[in-house]
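Have a look at upload-v5.cif below; it lists mmCIF, C-alpha atoms and all ligand atoms.
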```
data_input
#
loop_
_atom_site.label_atom_id
_atom_site.label_comp_id
_atom_site.auth_asym_id
_atom_site.auth_seq_id
_atom_site.Cartn_x
_atom_site.Cartn_y
_atom_site.Cartn_z
CA MET A 1 0.00 0.00 0.00
CA ASN A 2 1.33 3.33 -0.98
CA THR A 3 1.59 5.29 2.27
CA ASP A 4 4.70 7.10 0.98
CA GLN A 5 2.52 9.58 -0.81
CA PHE A 6 1.54 11.00 2.61
CA LEU A 7 5.08 11.65 3.86
CA VAL A 8 6.23 15.26 3.88
CA LYS A 9 8.95 15.39 1.27
CA SER A 10 9.39 19.07 0.55
CA GLU A 11 11.07 21.78 2.61
CA LEU A 12 8.54 23.41 4.98
CA ASN A 13 8.24 27.17 5.49
CA PHE A 14 7.60 27.35 9.22
CA ILE A 15 5.44 30.12 10.63
CA ASP A 16 5.35 31.32 14.25
CA LYS A 17 1.67 31.03 15.05
CA ALA A 18 -1.52 29.81 13.45
CA THR A 19 -5.09 29.05 14.50
CA TYR A 20 -7.61 26.98 12.55
CA THR A 21 -11.18 25.98 13.30
CA TRP A 22 -13.00 23.16 11.55
CA GLN A 23 -16.46 21.71 11.93
CA THR A 24 -16.67 18.08 10.87
CA PRO A 25 -19.70 15.80 10.95
CA SER A 26 -20.52 12.40 12.27
CA ASN A 27 -21.56 9.73 9.77
CA ILE A 28 -23.84 6.72 9.73
CA ALA A 29 -22.70 3.56 7.98
CA LEU A 30 -25.08 1.71 5.63
CA VAL A 31 -22.61 -1.13 5.06
CA LYS A 32 -20.70 -1.53 8.31
CA TYR A 33 -17.02 -1.61 9.17
CA TRP A 34 -16.54 -4.21 11.90
CA GLY A 35 -13.16 -5.91 12.02
CA LYS A 36 -9.74 -4.47 11.25
CA SER A 37 -6.05 -5.27 11.15
CA ASN A 38 -3.06 -3.08 11.95
CA PRO A 39 -2.67 -0.16 11.31
CA GLN A 40 -6.39 0.59 11.12
CA ILE A 41 -6.92 -1.40 7.92
CA PRO A 42 -10.55 -2.46 7.51
CA LYS A 43 -11.40 -6.11 6.87
CA ASN A 44 -14.10 -5.01 4.43
CA ALA A 45 -15.20 -1.91 2.58
CA SER A 46 -17.93 0.25 4.14
CA ILE A 47 -20.12 3.13 3.00
CA SER A 48 -21.84 5.86 5.02
CA PHE A 49 -24.08 8.86 4.75
CA THR A 50 -22.30 11.92 6.06
CA LEU A 51 -24.50 13.74 8.59
CA LYS A 52 -25.08 17.46 8.91
CA ASN A 53 -26.28 18.51 12.36
CA CYS A 54 -24.24 16.12 14.48
CA HIS A 55 -20.77 17.57 14.34
CA THR A 56 -17.65 18.48 16.28
CA THR A 57 -16.10 21.93 16.16
CA THR A 58 -12.39 22.01 16.91
CA THR A 59 -9.93 24.87 17.09
CA ILE A 60 -6.21 24.25 17.28
CA ASP A 61 -3.76 27.01 18.21
CA PHE A 62 -0.28 26.21 16.97
CA GLU A 63 2.64 28.00 18.56
CA LYS A 64 6.14 27.44 17.21
CA LYS A 65 8.69 26.13 19.69
CA GLU A 66 11.99 24.28 19.80
CA LYS A 67 11.58 20.89 18.19
CA SER A 68 10.96 18.32 20.92
CA GLU A 69 11.04 14.55 21.29
CA SER A 70 7.41 14.24 22.29
CA VAL A 71 4.23 15.91 21.10
CA ASP A 72 3.20 18.83 23.29
CA PHE A 73 -0.53 19.57 23.51
CA ASP A 74 -3.31 20.71 25.83
CA LEU A 75 -6.86 19.58 25.38
CA PHE A 76 -10.06 21.38 26.31
CA PHE A 77 -13.46 19.81 25.76
CA GLU A 78 -16.46 22.11 26.05
CA GLY A 79 -14.27 24.68 27.78
CA LYS A 80 -12.76 22.35 30.37
CA GLN A 81 -9.36 20.74 30.38
CA LYS A 82 -9.85 17.01 29.78
CA GLU A 83 -6.96 14.89 30.97
CA GLU A 84 -8.95 11.68 30.49
CA PHE A 85 -9.28 12.25 26.72
CA LYS A 86 -5.56 12.92 26.28
CA PRO A 87 -4.17 9.35 26.03
CA LYS A 88 -6.34 8.55 22.99
CA ILE A 89 -5.22 11.73 21.24
CA ALA A 90 -1.58 11.18 22.27
CA GLU A 91 -1.83 7.72 20.67
CA PHE A 92 -3.27 9.33 17.53
CA PHE A 93 -0.34 11.78 17.35
CA LYS A 94 2.04 8.85 17.70
CA ARG A 95 0.40 7.06 14.78
CA ILE A 96 0.57 10.13 12.52
CA GLN A 97 3.94 11.60 13.53
CA GLU A 98 5.68 9.97 10.59
CA TYR A 99 3.31 11.75 8.20
CA CYS A 100 3.11 15.06 10.09
CA PRO A 101 6.62 15.59 11.51
CA TYR A 102 5.87 19.30 11.99
CA ILE A 103 3.74 18.49 15.06
CA PHE A 104 7.02 18.32 17.02
CA ASN A 105 7.73 21.95 16.16
CA TYR A 106 4.55 23.32 17.70
CA LYS A 107 2.80 23.54 21.01
CA MET A 108 -0.83 22.71 20.24
CA THR A 109 -3.84 23.86 22.22
CA ILE A 110 -6.97 22.01 21.18
CA HIS A 111 -10.48 23.24 21.96
CA SER A 112 -13.29 20.94 20.98
CA GLU A 113 -17.07 20.76 21.36
CA ASN A 114 -19.88 18.62 20.00
CA SER A 115 -23.24 19.81 18.67
CA PHE A 116 -24.91 16.73 20.13
CA PRO A 117 -25.43 16.23 23.86
CA HIS A 118 -22.40 14.95 25.73
CA SER A 119 -22.58 11.18 26.26
CA SER A 120 -25.63 10.83 24.04
CA GLY A 121 -24.27 7.50 22.90
CA ILE A 122 -23.48 9.09 19.53
CA ALA A 123 -19.93 8.18 18.66
CA SER A 124 -17.87 11.35 18.64
CA SER A 125 -14.66 9.69 17.51
CA ALA A 126 -15.51 10.08 13.79
CA SER A 127 -16.25 13.80 13.99
CA GLY A 128 -13.59 14.35 16.67
CA PHE A 129 -10.63 12.87 14.82
CA SER A 130 -11.64 14.25 11.44
CA ALA A 131 -11.76 17.77 12.93
CA ILE A 132 -8.26 17.45 14.41
CA ALA A 133 -6.98 16.04 11.11
CA MET A 134 -8.50 18.99 9.18
CA CYS A 135 -6.74 21.49 11.49
CA LEU A 136 -3.42 19.68 11.03
CA MET A 137 -3.82 19.73 7.27
CA SER A 138 -4.64 23.45 7.31
CA LEU A 139 -1.29 23.96 9.03
CA GLU A 140 0.47 21.68 6.56
CA LYS A 141 -0.99 23.65 3.67
CA GLU A 142 0.31 26.87 5.23
CA LEU A 143 3.77 25.32 5.58
CA ASN A 144 3.70 23.85 2.10
CA SER A 145 1.49 25.91 -0.19
CA VAL A 146 1.68 23.62 -3.23
CA LEU A 147 -0.76 21.05 -1.81
CA THR A 148 -3.94 20.60 -3.85
CA GLN A 149 -7.41 20.38 -2.29
CA GLU A 150 -7.74 16.84 -3.60
CA PHE A 151 -4.54 15.78 -1.83
CA ILE A 152 -5.57 17.60 1.34
CA ASN A 153 -8.90 15.75 1.51
CA LYS A 154 -7.18 12.44 0.86
CA LYS A 155 -4.46 12.96 3.46
CA THR A 156 -6.96 14.32 6.01
CA SER A 157 -9.04 11.17 5.63
CA PHE A 158 -5.85 9.07 5.82
CA LEU A 159 -4.84 10.76 9.09
CA ALA A 160 -8.37 10.66 10.57
CA ARG A 161 -8.50 6.92 9.88
CA LEU A 162 -5.46 6.42 12.09
CA GLY A 163 -7.45 8.01 14.94
CA SER A 164 -10.68 6.11 14.31
CA GLY A 165 -11.56 4.08 11.25
CA SER A 166 -14.98 5.60 10.69
CA ALA A 167 -13.45 9.12 10.92
CA SER A 168 -12.00 8.52 7.45
CA ARG A 169 -15.59 8.84 6.19
CA SER A 170 -16.25 12.23 7.85
CA ILE A 171 -14.34 14.61 5.58
CA GLU A 172 -16.62 14.69 2.54
CA GLY A 173 -20.23 13.88 1.72
CA PRO A 174 -22.97 12.96 1.03
CA LEU A 175 -21.78 9.33 0.64
CA VAL A 176 -18.30 8.06 1.36
CA VAL A 177 -16.72 4.66 0.79
CA TRP A 178 -13.74 3.49 2.83
CA GLY A 179 -11.95 0.27 2.00
CA ASN A 180 -10.58 -1.15 -1.20
CA HIS A 181 -13.40 -2.47 -3.38
CA SER A 182 -13.11 -3.62 -6.98
CA GLU A 183 -16.29 -1.87 -8.08
CA ILE A 184 -15.70 1.50 -6.45
CA GLU A 185 -13.23 3.45 -8.51
CA GLY A 186 -10.42 5.01 -6.49
CA SER A 187 -11.42 3.24 -3.26
CA SER A 188 -8.68 2.44 -0.76
CA ASP A 189 -8.08 0.86 2.62
CA LEU A 190 -6.06 3.95 3.52
CA PHE A 191 -8.67 6.69 3.14
CA GLY A 192 -12.30 7.37 2.31
CA VAL A 193 -13.45 8.50 -1.13
CA LYS A 194 -16.66 10.18 -2.19
CA PHE A 195 -19.05 7.66 -3.75
CA PRO A 196 -17.98 8.21 -7.35
CA TYR A 197 -21.24 7.52 -9.23
CA LYS A 198 -24.42 9.51 -9.77
CA VAL A 199 -26.95 8.86 -7.03
CA HIS A 200 -30.71 8.61 -7.68
CA PRO A 201 -32.62 11.73 -6.46
CA ILE A 202 -34.66 9.69 -3.95
CA PHE A 203 -31.44 9.44 -1.88
CA SER A 204 -30.66 13.15 -1.93
CA ASN A 205 -31.41 15.02 1.30
CA TYR A 206 -32.06 11.69 3.00
CA GLN A 207 -33.23 12.12 6.60
CA ASP A 208 -31.81 10.50 9.74
CA THR A 209 -33.68 10.85 13.02
CA ILE A 210 -31.47 9.53 15.79
CA LEU A 211 -33.43 8.07 18.68
CA LEU A 212 -31.42 8.32 21.90
CA VAL A 213 -32.36 5.06 23.54
CA ASP A 214 -29.41 4.80 25.87
CA LYS A 215 -27.09 7.66 26.56
CA GLY A 216 -24.76 5.82 28.94
CA GLU A 217 -21.19 4.77 28.28
CA LYS A 218 -21.03 1.68 26.12
CA GLN A 219 -20.10 -1.44 28.07
CA VAL A 220 -17.94 -2.65 25.20
CA SER A 221 -15.91 -0.16 23.15
CA SER A 222 -15.71 -0.37 19.37
CA THR A 223 -12.02 -1.20 19.65
CA VAL A 224 -12.75 -4.26 21.79
CA GLY A 225 -15.60 -5.22 19.44
CA HIS A 226 -13.39 -4.98 16.36
CA ASN A 227 -10.78 -7.14 18.07
CA LEU A 228 -13.35 -9.83 18.78
CA MET A 229 -13.68 -10.32 15.02
CA HIS A 230 -10.26 -12.01 15.13
CA ASN A 231 -10.99 -15.73 15.62
CA HIS A 232 -14.71 -15.06 15.22
CA PRO A 233 -16.33 -18.18 13.70
CA TYR A 234 -18.33 -16.16 11.14
CA ALA A 235 -15.75 -13.45 10.40
CA GLU A 236 -14.67 -14.50 6.90
CA ASN A 237 -18.26 -14.90 5.70
CA ARG A 238 -19.16 -11.57 7.22
CA PHE A 239 -16.32 -9.71 5.45
CA GLN A 240 -17.31 -11.33 2.16
CA GLN A 241 -20.98 -10.46 2.74
CA ALA A 242 -20.14 -6.82 3.49
CA ASN A 243 -18.13 -6.50 0.28
CA ASP A 244 -20.98 -8.15 -1.67
CA ASN A 245 -23.42 -5.75 -0.01
CA LEU A 246 -21.29 -2.83 -1.14
CA THR A 247 -21.57 -4.03 -4.73
CA LYS A 248 -25.35 -4.28 -4.27
CA ILE A 249 -25.81 -0.93 -2.58
CA SER A 250 -23.76 0.83 -5.23
CA LYS A 251 -26.32 -0.33 -7.81
CA ILE A 252 -29.27 0.43 -5.49
CA LEU A 253 -28.05 3.99 -4.88
CA GLN A 254 -27.67 4.63 -8.58
CA GLU A 255 -30.98 3.08 -9.59
CA GLY A 256 -33.07 4.30 -6.65
CA ASN A 257 -34.44 0.92 -5.63
CA ILE A 258 -35.76 1.84 -2.20
CA LYS A 259 -37.15 -1.60 -1.32
CA GLU A 260 -33.77 -3.19 -1.82
CA PHE A 261 -32.14 -0.31 0.05
CA ILE A 262 -34.34 -0.96 3.11
CA ASN A 263 -33.65 -4.67 3.03
CA LEU A 264 -29.89 -4.28 2.73
CA VAL A 265 -29.52 -1.50 5.32
CA GLU A 266 -31.58 -3.24 7.99
CA SER A 267 -29.85 -6.54 7.34
CA GLU A 268 -26.45 -4.83 7.75
CA ALA A 269 -27.52 -3.35 11.09
CA LEU A 270 -28.79 -6.65 12.44
CA THR A 271 -25.75 -8.53 11.12
CA LEU A 272 -23.43 -6.10 12.92
CA HIS A 273 -25.23 -6.87 16.17
CA ALA A 274 -25.32 -10.58 15.33
CA MET A 275 -21.51 -10.44 15.18
CA MET A 276 -21.53 -9.07 18.72
CA LEU A 277 -23.97 -11.74 19.90
CA THR A 278 -21.75 -14.46 18.45
CA SER A 279 -18.37 -13.09 19.62
CA ASN A 280 -16.56 -14.75 22.49
CA PRO A 281 -16.92 -13.11 24.95
CA TYR A 282 -20.40 -12.30 23.61
CA PHE A 283 -22.17 -9.05 24.33
CA ILE A 284 -25.43 -7.22 23.61
CA LEU A 285 -25.52 -3.49 22.94
CA MET A 286 -29.20 -3.29 21.98
CA LYS A 287 -31.68 -2.50 24.77
CA PRO A 288 -35.31 -3.64 25.08
CA ASN A 289 -36.38 -0.24 23.70
CA THR A 290 -34.17 -0.74 20.64
CA LEU A 291 -36.31 -3.77 19.78
CA GLU A 292 -39.57 -1.98 20.61
CA ILE A 293 -38.61 0.74 18.14
CA ILE A 294 -37.60 -1.71 15.43
CA ASN A 295 -40.96 -3.46 15.70
CA LYS A 296 -42.83 -0.14 15.59
CA ILE A 297 -40.89 0.87 12.48
CA TRP A 298 -41.81 -2.40 10.77
CA GLU A 299 -45.46 -1.96 11.69
CA TYR A 300 -45.51 1.64 10.48
CA ARG A 301 -43.82 0.75 7.20
CA GLN A 302 -46.38 -1.96 6.54
CA GLU A 303 -49.43 0.10 7.48
CA LYS A 304 -48.47 3.34 5.79
CA ASN A 305 -46.65 1.89 2.84
CA SER A 306 -43.74 4.04 3.98
CA SER A 307 -40.06 3.82 2.99
CA ILE A 308 -38.62 4.29 6.46
CA CYS A 309 -36.01 1.90 7.74
CA PHE A 310 -33.57 1.73 10.61
CA THR A 311 -29.92 1.22 11.14
CA LEU A 312 -27.81 0.84 14.29
CA ASP A 313 -24.24 1.66 15.13
CA ALA A 314 -22.32 0.04 17.96
CA GLY A 315 -24.87 0.98 20.61
CA ALA A 316 -28.55 0.98 21.54
CA ASN A 317 -29.58 4.13 19.65
CA VAL A 318 -31.66 3.74 16.52
CA HIS A 319 -31.12 5.76 13.34
CA VAL A 320 -34.40 6.14 11.46
CA LEU A 321 -33.68 6.72 7.76
CA TYR A 322 -36.26 8.01 5.25
CA PRO A 323 -36.60 10.10 2.10
CA GLU A 324 -37.20 13.82 2.40
CA ASN A 325 -40.77 13.59 1.08
CA GLU A 326 -41.79 11.67 4.23
CA LYS A 327 -40.29 14.20 6.59
CA GLU A 328 -43.50 15.54 8.04
CA THR A 329 -45.34 12.26 8.49
CA VAL A 330 -42.32 10.47 9.94
CA ASN A 331 -41.67 13.36 12.34
CA GLN A 332 -45.22 12.97 13.63
CA PHE A 333 -44.73 9.24 14.03
CA VAL A 334 -41.44 9.72 15.88
CA LYS A 335 -42.94 12.29 18.20
CA LYS A 336 -46.13 10.36 18.93
CA GLU A 337 -44.94 6.76 18.90
CA LEU A 338 -41.19 6.41 19.11
CA SER A 339 -39.99 9.18 21.43
CA GLN A 340 -41.49 7.36 24.42
CA TYR A 341 -38.79 4.71 24.02
CA CYS A 342 -36.01 7.31 24.17
CA GLN A 343 -34.24 8.45 27.32
CA LYS A 344 -35.99 11.64 28.39
CA ASN A 345 -37.90 11.43 25.08
CA GLN A 346 -34.80 12.74 23.32
CA TYR A 347 -34.02 12.41 19.64
CA ILE A 348 -32.03 14.38 17.06
CA CYS A 349 -33.31 15.28 13.61
CA ASP A 350 -30.47 15.12 11.15
CA THR A 351 -30.07 14.98 7.41
CA VAL A 352 -27.34 14.08 4.97
CA GLY A 353 -24.53 16.62 4.73
CA LEU A 354 -21.53 17.50 2.64
CA GLY A 355 -18.64 17.15 5.05
CA ALA A 356 -16.04 19.32 6.75
CA LYS A 357 -16.51 23.09 6.97
CA LYS A 358 -13.87 25.68 7.77
CA ILE A 359 -15.13 28.14 10.36
C1 LIG B 401 -20.28 0.03 14.20
O1 LIG B 401 -14.58 3.72 13.75
O2 LIG B 401 -15.51 3.60 16.08
O3 LIG B 401 -19.93 2.35 13.82
O4 LIG B 401 -11.51 2.33 14.22
O5 LIG B 401 -11.67 1.33 16.50
O6 LIG B 401 -12.13 3.78 16.16
P1 LIG B 401 -12.18 2.37 15.56
O7 LIG B 401 -13.71 2.01 15.38
P2 LIG B 401 -14.93 2.88 14.92
O8 LIG B 401 -15.95 1.73 14.47
C2 LIG B 401 -17.18 2.04 13.93
C3 LIG B 401 -18.02 0.85 13.87
C4 LIG B 401 -19.46 1.07 13.46
C5 LIG B 401 -19.66 0.80 11.97
C6 LIG B 401 -19.20 1.87 11.02
O9 LIG B 401 -19.23 3.07 11.35
O10 LIG B 401 -18.87 1.48 9.89
#
```

Would it be possible to restate this file's structure as structure tokens?
Amino acid sequence: MNTDQFLVKSELNFIDKATYTWQTPSNIALVKYWGKSNPQIPKNASISFTLKNCHTTTTIDFEKKEKSESVDFDLFFEGKQKEEFKPKIAEFFKRIQEYCPYIFNYKMTIHSENSFPHSSGIASSASGFSAIAMCLMSLEKELNSVLTQEFINKKTSFLARLGSGSASRSIEGPLVVWGNHSEIEGSSDLFGVKFPYKVHPIFSNYQDTILLVDKGEKQVSSTVGHNLMHNHPYAENRFQQANDNLTKISKILQEGNIKEFINLVESEALTLHAMMLTSNPYFILMKPNTLEIINKIWEYRQEKNSSICFTLDAGANVHVLYPENEKETVNQFVKKELSQYCQKNQYICDTVGLGAKKI
């Protein structure tokens, strides 16, 4: 794999100070990434909708200093210094130092906040790492002005991936594929690429209402879950199935076959959780209310001849996906029927977005 392309090869023009702010979104996978090898290489290709309203805003102040042996940074989350988040970010800097050697020349002060409620069970690692990666690449562009936007997006996704795999899919939108796949031109295990084919209009402005079923800390982190795919009895079939599903969904997205979309997306969600149920040690991240909601969605779809469907990430929350023309009716349904299964009746109305924004 050609990681050499991401090394800094030219002479850098160092500056004394710089500050950048980026807002980067969360994303929701349609075909799931579950299982990886070192260094953050996915076992199968995945595809996600980039979200719009669920995002992280991060500012990094860079101050030039004597080059040091270790990376020097302070971290503030929602205005407060957060020592407990530092080890994960320190590990990220370690993984990227080869590709961003200039981080040793700066003292970095990172300020970060999420648009979604803290500990809402919405993974913030995708939006969090992509925002840091965007700020780093803004600095790199300042130090080396010849970089093209295309290269910047690619390297940002490459760096974000080393923080959290799904973060590689949070730079662009509305649909991003990560993982090498024979039928997706330009796809790579190293970074995410925009879905390269024309998408049917039914999938534009797709809606995602996120039902906050359980806002607590997950009992099993994604990292542990991914690791349990090593020696998992169904792993090889699962990776093959995911790649086959990517072939199928590529066609579905282009042709606008909503029935097949629903079937594939829900099957992916349940398969992801089936992998957890059949890991050893086994674990369950769905809650009773997750299942109540799924059944209500199935009932509603049948009765109203609706095109809503659900997907799940590695937690109990339910993402309700539907076309824009059902926005009003589905909102009513969520409010009347589904919100009662959410903690404090909370849910977030989101829609598909276009990726990172400079602030
Ligand atoms: C279930 O990207 O959180 O959301 O690479 O260990 O940080 P790490 O894992 P992470 O895994 C996401 C898993 C998922 C499916 C997906 O987003 O594709």

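What separates atom C5 of ligand LIG 401 (chain B) from atom CA of Thr311 of chain A is a distance of 10.3 Å.
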
Give me, as JSON, numbers by chain, all polymer residues having an atom no more than 12 Å from Trp34 of chain A, counting all atoms listed in the file and skipping those fewer than 5 positions away in the same chain. {"A": [29, 40, 41, 42, 43, 44, 45, 46, 165, 166, 179, 221, 222, 223, 224, 225, 226, 227, 228, 229, 230, 232, 235, 236, 238, 239, 241, 242, 243, 268, 269, 271, 272, 273, 274, 275, 276, 279, 313, 314]}

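Candidate residues A:Asp350, A:Asp4, A:Glu84, A:Glu303 were compared for distance to Leu190 of chain A, and the nearest is A:Asp4, using only C-alpha atoms.
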
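Closest approach to Leu321 of chain A from the set A:Asn280, A:Asn263, A:Gln207, A:Asn231 is made by A:Gln207, with distances taken over all atoms listed in the file.
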
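Nearest to ligand LIG 401 (chain B) of all the residues A:Gly216, A:Pro288, A:Pro101, A:Gly192 is A:Gly192, based on only C-alpha atoms and all ligand atoms.
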
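The two atoms in question, atom CA of Thr109 of chain A and atom CA of Lys357 of chain A, are spaced 19.8 Å apart.
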